[in-house]
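Below: one structure, written as structure tokens.
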Amino acid sequence: MPNDMLKDVIKQLIVLHQNNIPFSLNEREAMLPLDAGQIITIPGVRRSGKSSKMKLVINELVKTGVPPQNILWMGFDDERLAGMSRQELNEILDAYRELYPDTLLKDVYMFFDEIQDIEGWELFVMRIYKSYCQHIYISGSNARLLSQEIATSLRGWALEYRTFPLSFAEYCRFRSIPTERLDEQQTVQLRLAWDDYNRYGGFPEVVLTNDNLLRDKLLQTYYNAMLFRDMVERHGISNIGVLRYFIKRIMNNVTKPTSINSIYNDIRSQGLKISKDELYKWIDYLCDSFMFIRVPRYTKSLIAEETGLKKYYFIDNGMRQNILLPHSQDHGKLLESSVLLHLCRMCGELEKVTYFMNDRECDFVLQHEEQVLQLIQVCWQMDDAETREREICGLLEARKVTLCDNLTIVTHHQEETIERDGVTINVMPAWKWMLMR
């Protein structure tokens, strides 16, 4: 596209977004800072609300007196900007200057949505930050592109605010369900709401949709975008049939340690051609695009953590259900996936989540550096004596190794306190545990 035409498109996009200010949006739990003096990056899976978080910042800025003309928004998912080069990114600044020649760039708040597909974007952003403006927000749906460029080129000038689909508390806010000072009827409503949340997931647009058929169509559309744009197109994958099968195998194995080598042998036994190295690349790509979250085994050895089997959790229960169409026995997998996602939202960059497995298993170990903060077991129900004993013994074995006394079992509906071996185990229903501050 000639530069004059590109500049005209950019001007149209800038003015279009300015004319829509303020935006009508639901609040999120974690707000982005307004004036941090650093580049704010918002990585996360597609359709999880990254753009909305930036628009919520814009609403707050306008409330504090920032005029809409001082907002520069550029969404790079617009097809007219496809194929932009790093050199052409400067047309954004030129277009803005022509629109508002009397506004200094240092007073502008710049929002770049899904910029990561433009090669060399980080150099452009760093130049702006050093030379013109320190109010910069960047979103992207690929972890490796954002993290690598930030680490190498932005050199400590960036703060990361990873975004996930809605938490249960946000889900309740989006659907106007009260979560405080509950009477018996409202408690029942919350439990039913949690069942819906656990089944359909937390993508904001899906949560705001009451039509189940439309929900399924939205989830299928999201999945296709992740599959084709984040995997097939971005990484030049041609073996789409094997890729689909590979993703479903990982999906079906959530909550269990997954051997990529075993999946490779299974694929080869069916006469399908793929290399083992390619599958290892694919699982990295899938985690980089936030489709899956990788959970390593708890160990004090970095080498053992790196080489040991990982668990892979899918980013959204609703999408997983839509793709796999599983049966009722998946309740436990959905619950454990919801718990893992909640931990990821709460942890941030300072803590990490692992799983414990020796003679017995503990689902989640929450740790800060070498210190273990909490041990969490997930169980749909503990009515059966054998199941109850298995969950308790898994926690106690992990406790002996980690020396952590903060023990929790998250269930579907049960709540009690268990005293065993001189330690207290708190059993809590998922809906209540996820609403704890």
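By convention here, the chains of the structure tokens are called A, B, ... in the order presented, each chain's residues are numbered starting at 1, and ligands are numbered starting at 1 in the order presented.
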If you run DSSP on this backbone, which residues of region 39-110 of chain A come out as helix (DSSP H, G or I), and could you give them as a PyMOL selection string? chain A and resi 50-63+68-70+79-81+87-99+105-107
Include N, CA and C atoms and write out the residues we just selected as a CSV table (one decimal), in the first residue's frame.
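After the write, selection.csv holds the following:
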```csv
chain,number,residue,atom,x,y,z
A,50,LYS,N,-7.9,-8.4,26.5
A,50,LYS,CA,-6.7,-7.5,26.5
A,50,LYS,C,-7.1,-6.1,26.0
A,51,SER,N,-7.8,-6.1,24.9
A,51,SER,CA,-8.2,-4.8,24.3
A,51,SER,C,-9.1,-4.0,25.3
A,52,SER,N,-10.0,-4.7,25.9
A,52,SER,CA,-10.9,-4.1,26.9
A,52,SER,C,-10.2,-3.5,28.0
A,53,LYS,N,-9.2,-4.2,28.5
A,53,LYS,CA,-8.4,-3.6,29.6
A,53,LYS,C,-7.8,-2.3,29.2
A,54,MET,N,-7.2,-2.2,28.0
A,54,MET,CA,-6.6,-1.0,27.6
A,54,MET,C,-7.7,0.1,27.4
A,55,LYS,N,-8.9,-0.3,26.9
A,55,LYS,CA,-10.0,0.7,26.8
A,55,LYS,C,-10.5,1.2,28.2
A,56,LEU,N,-10.4,0.3,29.2
A,56,LEU,CA,-10.8,0.8,30.5
A,56,LEU,C,-9.8,1.8,31.0
A,57,VAL,N,-8.5,1.7,30.6
A,57,VAL,CA,-7.5,2.7,31.0
A,57,VAL,C,-7.9,4.0,30.3
A,58,ILE,N,-8.3,3.9,29.1
A,58,ILE,CA,-8.7,5.1,28.4
A,58,ILE,C,-9.9,5.8,29.1
A,59,ASN,N,-10.8,5.1,29.5
A,59,ASN,CA,-12.0,5.6,30.2
A,59,ASN,C,-11.5,6.4,31.5
A,60,GLU,N,-10.6,5.8,32.2
A,60,GLU,CA,-10.1,6.4,33.4
A,60,GLU,C,-9.3,7.7,33.1
A,61,LEU,N,-8.5,7.6,32.0
A,61,LEU,CA,-7.7,8.8,31.6
A,61,LEU,C,-8.7,10.0,31.3
A,62,VAL,N,-9.7,9.7,30.6
A,62,VAL,CA,-10.7,10.7,30.2
A,62,VAL,C,-11.3,11.3,31.4
A,63,LYS,N,-11.6,10.5,32.4
A,63,LYS,CA,-12.2,10.9,33.7
A,63,LYS,C,-11.3,11.9,34.4
A,68,PRO,N,-9.9,13.3,24.5
A,68,PRO,CA,-9.8,12.1,23.6
A,68,PRO,C,-8.8,12.3,22.5
A,69,GLN,N,-8.5,13.5,22.0
A,69,GLN,CA,-7.5,13.6,21.0
A,69,GLN,C,-6.1,13.3,21.4
A,70,ASN,N,-5.9,13.1,22.7
A,70,ASN,CA,-4.6,12.7,23.2
A,70,ASN,C,-4.5,11.2,23.3
A,79,GLU,N,-7.4,-5.7,8.8
A,79,GLU,CA,-6.8,-6.3,7.6
A,79,GLU,C,-6.1,-5.3,6.7
A,80,ARG,N,-6.4,-4.0,6.8
A,80,ARG,CA,-5.8,-3.0,6.0
A,80,ARG,C,-4.4,-2.7,6.5
A,81,LEU,N,-4.0,-3.1,7.7
A,81,LEU,CA,-2.7,-3.0,8.2
A,81,LEU,C,-1.8,-4.2,8.0
A,87,GLN,N,9.5,-0.2,9.2
A,87,GLN,CA,9.7,1.2,8.7
A,87,GLN,C,8.4,1.9,8.5
A,88,GLU,N,7.3,1.2,8.2
A,88,GLU,CA,6.0,1.8,8.0
A,88,GLU,C,5.3,2.2,9.3
A,89,LEU,N,5.8,1.6,10.4
A,89,LEU,CA,5.2,2.0,11.7
A,89,LEU,C,5.3,3.5,11.9
A,90,ASN,N,6.4,4.1,11.4
A,90,ASN,CA,6.5,5.5,11.7
A,90,ASN,C,5.4,6.4,11.0
A,91,GLU,N,4.7,5.8,10.1
A,91,GLU,CA,3.5,6.5,9.5
A,91,GLU,C,2.5,6.8,10.5
A,92,ILE,N,2.4,6.0,11.6
A,92,ILE,CA,1.5,6.2,12.7
A,92,ILE,C,1.8,7.5,13.4
A,93,LEU,N,3.0,7.8,13.7
A,93,LEU,CA,3.4,9.1,14.3
A,93,LEU,C,3.1,10.2,13.3
A,94,ASP,N,3.5,10.1,12.1
A,94,ASP,CA,3.3,11.1,11.1
A,94,ASP,C,1.8,11.4,10.9
A,95,ALA,N,1.0,10.4,10.9
A,95,ALA,CA,-0.5,10.6,10.7
A,95,ALA,C,-1.1,11.3,11.9
A,96,TYR,N,-0.6,10.9,13.1
A,96,TYR,CA,-1.1,11.6,14.3
A,96,TYR,C,-0.7,13.1,14.3
A,97,ARG,N,0.6,13.4,14.0
A,97,ARG,CA,1.0,14.8,13.9
A,97,ARG,C,0.2,15.6,13.0
A,98,GLU,N,-0.1,15.0,11.8
A,98,GLU,CA,-0.9,15.7,10.8
A,98,GLU,C,-2.3,16.0,11.3
A,99,LEU,N,-2.9,15.1,12.1
A,99,LEU,CA,-4.2,15.3,12.7
A,99,LEU,C,-4.2,16.3,13.8
A,105,LEU,N,3.8,14.9,21.5
A,105,LEU,CA,3.7,13.5,21.6
A,105,LEU,C,3.9,13.0,23.1
A,106,LYS,N,4.6,13.8,23.9
A,106,LYS,CA,4.9,13.5,25.2
A,106,LYS,C,3.6,13.4,26.1
A,107,ASP,N,2.5,14.1,25.6
A,107,ASP,CA,1.3,14.2,26.2
A,107,ASP,C,0.3,13.2,25.7
```
Run DSSP on the backbone and tell me which residues of region 288-380 of chain A come out as strand (DSSP E or B); list them as JSON, numbers by chain. {"A": [292, 293, 294, 295, 297, 310, 311, 312, 313, 314, 352, 353, 354, 355, 356, 357, 361, 362, 363, 364, 365, 366, 367, 368, 371, 372, 373, 374, 375, 376, 377, 378]}
Store the residues picked out above, limited to N, CA and C atoms, as a JSON list (two decimals), in the first residue's frame.
```json
[["chain", "number", "residue", "atom", "x", "y", "z"],
["A", 292, "PHE", "N", -2.45, -23.55, 25.75],
["A", 292, "PHE", "CA", -2.19, -24.46, 26.85],
["A", 292, "PHE", "C", -1.28, -23.79, 27.87],
["A", 293, "ILE", "N", -1.43, -24.22, 29.13],
["A", 293, "ILE", "CA", -0.55, -23.78, 30.21],
["A", 293, "ILE", "C", 0.26, -24.98, 30.68],
["A", 294, "ARG", "N", 1.56, -24.84, 30.69],
["A", 294, "ARG", "CA", 2.46, -25.93, 31.06],
["A", 294, "ARG", "C", 2.73, -25.90, 32.56],
["A", 295, "VAL", "N", 2.57, -27.06, 33.22],
["A", 295, "VAL", "CA", 2.83, -27.18, 34.66],
["A", 295, "VAL", "C", 3.88, -28.27, 34.87],
["A", 297, "ARG", "N", 6.70, -30.70, 37.04],
["A", 297, "ARG", "CA", 6.70, -31.46, 38.29],
["A", 297, "ARG", "C", 7.56, -30.75, 39.33],
["A", 310, "LYS", "N", 5.54, -33.01, 31.86],
["A", 310, "LYS", "CA", 4.74, -31.85, 32.23],
["A", 310, "LYS", "C", 3.26, -32.19, 32.15],
["A", 311, "LYS", "N", 2.46, -31.42, 32.87],
["A", 311, "LYS", "CA", 1.02, -31.42, 32.66],
["A", 311, "LYS", "C", 0.66, -30.21, 31.79],
["A", 312, "TYR", "N", -0.35, -30.37, 30.95],
["A", 312, "TYR", "CA", -0.78, -29.28, 30.08],
["A", 312, "TYR", "C", -2.27, -29.05, 30.29],
["A", 313, "TYR", "N", -2.61, -27.84, 30.71],
["A", 313, "TYR", "CA", -4.01, -27.48, 30.95],
["A", 313, "TYR", "C", -4.49, -26.54, 29.86],
["A", 314, "PHE", "N", -5.71, -26.79, 29.39],
["A", 314, "PHE", "CA", -6.26, -25.96, 28.32],
["A", 314, "PHE", "C", -6.75, -24.63, 28.89],
["A", 352, "LYS", "N", 5.19, -19.56, 41.14],
["A", 352, "LYS", "CA", 4.97, -20.52, 40.07],
["A", 352, "LYS", "C", 4.18, -21.70, 40.61],
["A", 353, "VAL", "N", 3.54, -22.41, 39.70],
["A", 353, "VAL", "CA", 2.70, -23.56, 40.05],
["A", 353, "VAL", "C", 3.35, -24.82, 39.48],
["A", 354, "THR", "N", 3.50, -25.83, 40.32],
["A", 354, "THR", "CA", 4.00, -27.13, 39.89],
["A", 354, "THR", "C", 3.05, -28.20, 40.41],
["A", 355, "TYR", "N", 3.32, -29.46, 40.06],
["A", 355, "TYR", "CA", 2.56, -30.56, 40.65],
["A", 355, "TYR", "C", 3.54, -31.51, 41.35],
["A", 356, "PHE", "N", 3.05, -32.19, 42.38],
["A", 356, "PHE", "CA", 3.89, -33.10, 43.17],
["A", 356, "PHE", "C", 3.53, -34.54, 42.83],
["A", 357, "MET", "N", 4.56, -35.37, 42.61],
["A", 357, "MET", "CA", 4.30, -36.79, 42.37],
["A", 357, "MET", "C", 5.48, -37.62, 42.83],
["A", 361, "GLU", "N", 0.23, -38.35, 44.81],
["A", 361, "GLU", "CA", 0.22, -37.13, 44.01],
["A", 361, "GLU", "C", -0.51, -36.01, 44.73],
["A", 362, "CYS", "N", 0.00, -34.81, 44.57],
["A", 362, "CYS", "CA", -0.69, -33.58, 45.00],
["A", 362, "CYS", "C", -0.81, -32.70, 43.76],
["A", 363, "ASP", "N", -2.02, -32.23, 43.48],
["A", 363, "ASP", "CA", -2.29, -31.59, 42.19],
["A", 363, "ASP", "C", -1.48, -30.33, 41.96],
["A", 364, "PHE", "N", -1.40, -29.45, 42.98],
["A", 364, "PHE", "CA", -0.74, -28.17, 42.76],
["A", 364, "PHE", "C", 0.13, -27.78, 43.95],
["A", 365, "VAL", "N", 1.33, -27.34, 43.63],
["A", 365, "VAL", "CA", 2.27, -26.79, 44.62],
["A", 365, "VAL", "C", 2.51, -25.33, 44.23],
["A", 366, "LEU", "N", 2.10, -24.43, 45.09],
["A", 366, "LEU", "CA", 2.30, -23.00, 44.83],
["A", 366, "LEU", "C", 3.56, -22.56, 45.56],
["A", 367, "GLN", "N", 4.52, -22.03, 44.82],
["A", 367, "GLN", "CA", 5.79, -21.69, 45.44],
["A", 367, "GLN", "C", 6.32, -20.34, 44.98],
["A", 368, "HIS", "N", 7.07, -19.71, 45.87],
["A", 368, "HIS", "CA", 7.81, -18.49, 45.58],
["A", 368, "HIS", "C", 9.29, -18.81, 45.73],
["A", 371, "GLN", "N", 10.59, -21.42, 48.37],
["A", 371, "GLN", "CA", 9.61, -21.58, 49.44],
["A", 371, "GLN", "C", 8.26, -22.02, 48.90],
["A", 372, "VAL", "N", 7.71, -23.08, 49.47],
["A", 372, "VAL", "CA", 6.38, -23.55, 49.10],
["A", 372, "VAL", "C", 5.34, -22.83, 49.95],
["A", 373, "LEU", "N", 4.40, -22.16, 49.31],
["A", 373, "LEU", "CA", 3.41, -21.35, 50.01],
["A", 373, "LEU", "C", 2.13, -22.11, 50.32],
["A", 374, "GLN", "N", 1.75, -23.02, 49.43],
["A", 374, "GLN", "CA", 0.48, -23.73, 49.62],
["A", 374, "GLN", "C", 0.47, -25.02, 48.80],
["A", 375, "LEU", "N", -0.19, -26.04, 49.36],
["A", 375, "LEU", "CA", -0.43, -27.30, 48.66],
["A", 375, "LEU", "C", -1.93, -27.43, 48.44],
["A", 376, "ILE", "N", -2.31, -27.74, 47.18],
["A", 376, "ILE", "CA", -3.73, -27.77, 46.83],
["A", 376, "ILE", "C", -4.06, -29.08, 46.14],
["A", 377, "GLN", "N", -5.05, -29.75, 46.64],
["A", 377, "GLN", "CA", -5.59, -30.95, 46.04],
["A", 377, "GLN", "C", -6.97, -30.62, 45.46],
["A", 378, "VAL", "N", -7.32, -31.21, 44.35],
["A", 378, "VAL", "CA", -8.60, -30.95, 43.70],
["A", 378, "VAL", "C", -9.36, -32.26, 43.57]]
```
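Excluding region 269-283 of chain A itself and same-chain residues fewer than 2 positions from it, the residues having an atom within 10 Å of it are A:Met231, A:His235, A:Ile237, A:Asn239, A:Gly241, A:Val242, A:Leu243, A:Phe246, A:Ile247, A:Ile250, A:Ile260, A:Asn261, A:Ser262, A:Ile263, A:Tyr264, A:Asn265, A:Asp266, A:Ile267, A:Tyr285, A:Leu286, A:Cys287, A:Asp288, A:Ser289, A:Met291, A:Phe292, A:Arg294, A:Tyr312, counting only C-alpha atoms.
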File of the preceding selection, C-alpha atoms, as a short mmCIF file (atom, residue, chain, number, x, y, z; two decimals), in the first residue's frame:
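Output file part-v3.cif is given in full below:
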```cif
data_model
loop_
_atom_site.label_atom_id
_atom_site.label_comp_id
_atom_site.auth_asym_id
_atom_site.auth_seq_id
_atom_site.Cartn_x
_atom_site.Cartn_y
_atom_site.Cartn_z
CA MET A 231 -0.30 -21.98 14.63
CA HIS A 235 4.60 -21.16 12.00
CA ILE A 237 2.43 -25.71 9.53
CA ASN A 239 0.12 -30.98 8.35
CA GLY A 241 -4.82 -32.99 10.25
CA VAL A 242 -2.03 -34.24 12.51
CA LEU A 243 -1.97 -30.88 14.31
CA PHE A 246 -2.23 -33.65 18.49
CA ILE A 247 -4.15 -30.79 20.12
CA ILE A 250 -3.25 -32.96 24.77
CA ILE A 260 4.97 -36.16 23.89
CA ASN A 261 7.01 -39.23 22.96
CA SER A 262 3.99 -41.51 23.61
CA ILE A 263 1.80 -39.31 21.42
CA TYR A 264 4.48 -39.44 18.72
CA ASN A 265 4.47 -43.26 18.82
CA ASP A 266 0.67 -43.29 18.63
CA ILE A 267 0.65 -41.00 15.62
CA TYR A 285 3.95 -22.98 20.02
CA LEU A 286 0.67 -23.96 21.69
CA CYS A 287 1.90 -22.72 25.06
CA ASP A 288 3.33 -19.56 23.51
CA SER A 289 -0.09 -18.73 22.04
CA MET A 291 -3.82 -22.20 24.24
CA PHE A 292 -2.19 -24.46 26.85
CA ARG A 294 2.46 -25.93 31.06
CA TYR A 312 -0.78 -29.28 30.08
#
```
Determine, using only C-alpha atoms, which residues of region 25-130 of chain A have any atom at most 12 Å from an atom of region 201-206 of chain A, and tabulate each with its shortest atom pair and distance in Å to one decimal place, rows ordered by chain and then rising number, as a Markdown table.
```
| residue | atom | partner | partner_atom | distance |
| --- | --- | --- | --- | --- |
| A:Leu25 | CA | A:Pro204 | CA | 10.5 |
| A:Asn26 | CA | A:Pro204 | CA | 9.4 |
| A:Glu27 | CA | A:Pro204 | CA | 11.1 |
| A:Arg28 | CA | A:Pro204 | CA | 10.3 |
| A:Gly44 | CA | A:Phe203 | CA | 11.8 |
| A:Val45 | CA | A:Phe203 | CA | 9.8 |
| A:Arg46 | CA | A:Phe203 | CA | 9.2 |
| A:Arg47 | CA | A:Phe203 | CA | 6.5 |
| A:Ser48 | CA | A:Phe203 | CA | 5.5 |
| A:Gly49 | CA | A:Pro204 | CA | 6.8 |
| A:Lys50 | CA | A:Pro204 | CA | 10.6 |
| A:Ser51 | CA | A:Pro204 | CA | 11.6 |
| A:Ser52 | CA | A:Pro204 | CA | 9.8 |
| A:Lys53 | CA | A:Pro204 | CA | 11.7 |
```
Do a neighbour search on Trp431 (chain A) at 8 Å with only C-alpha atoms, toss out local chain neighbours closer than 5 positions, and write the hits as an MDAnalysis selection string. chainID A and resid 168 190:191 194 412
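Note that the spacing between CA of Ala36 (chain A) and CA of Leu159 (chain A) amounts to 8.8 Å.
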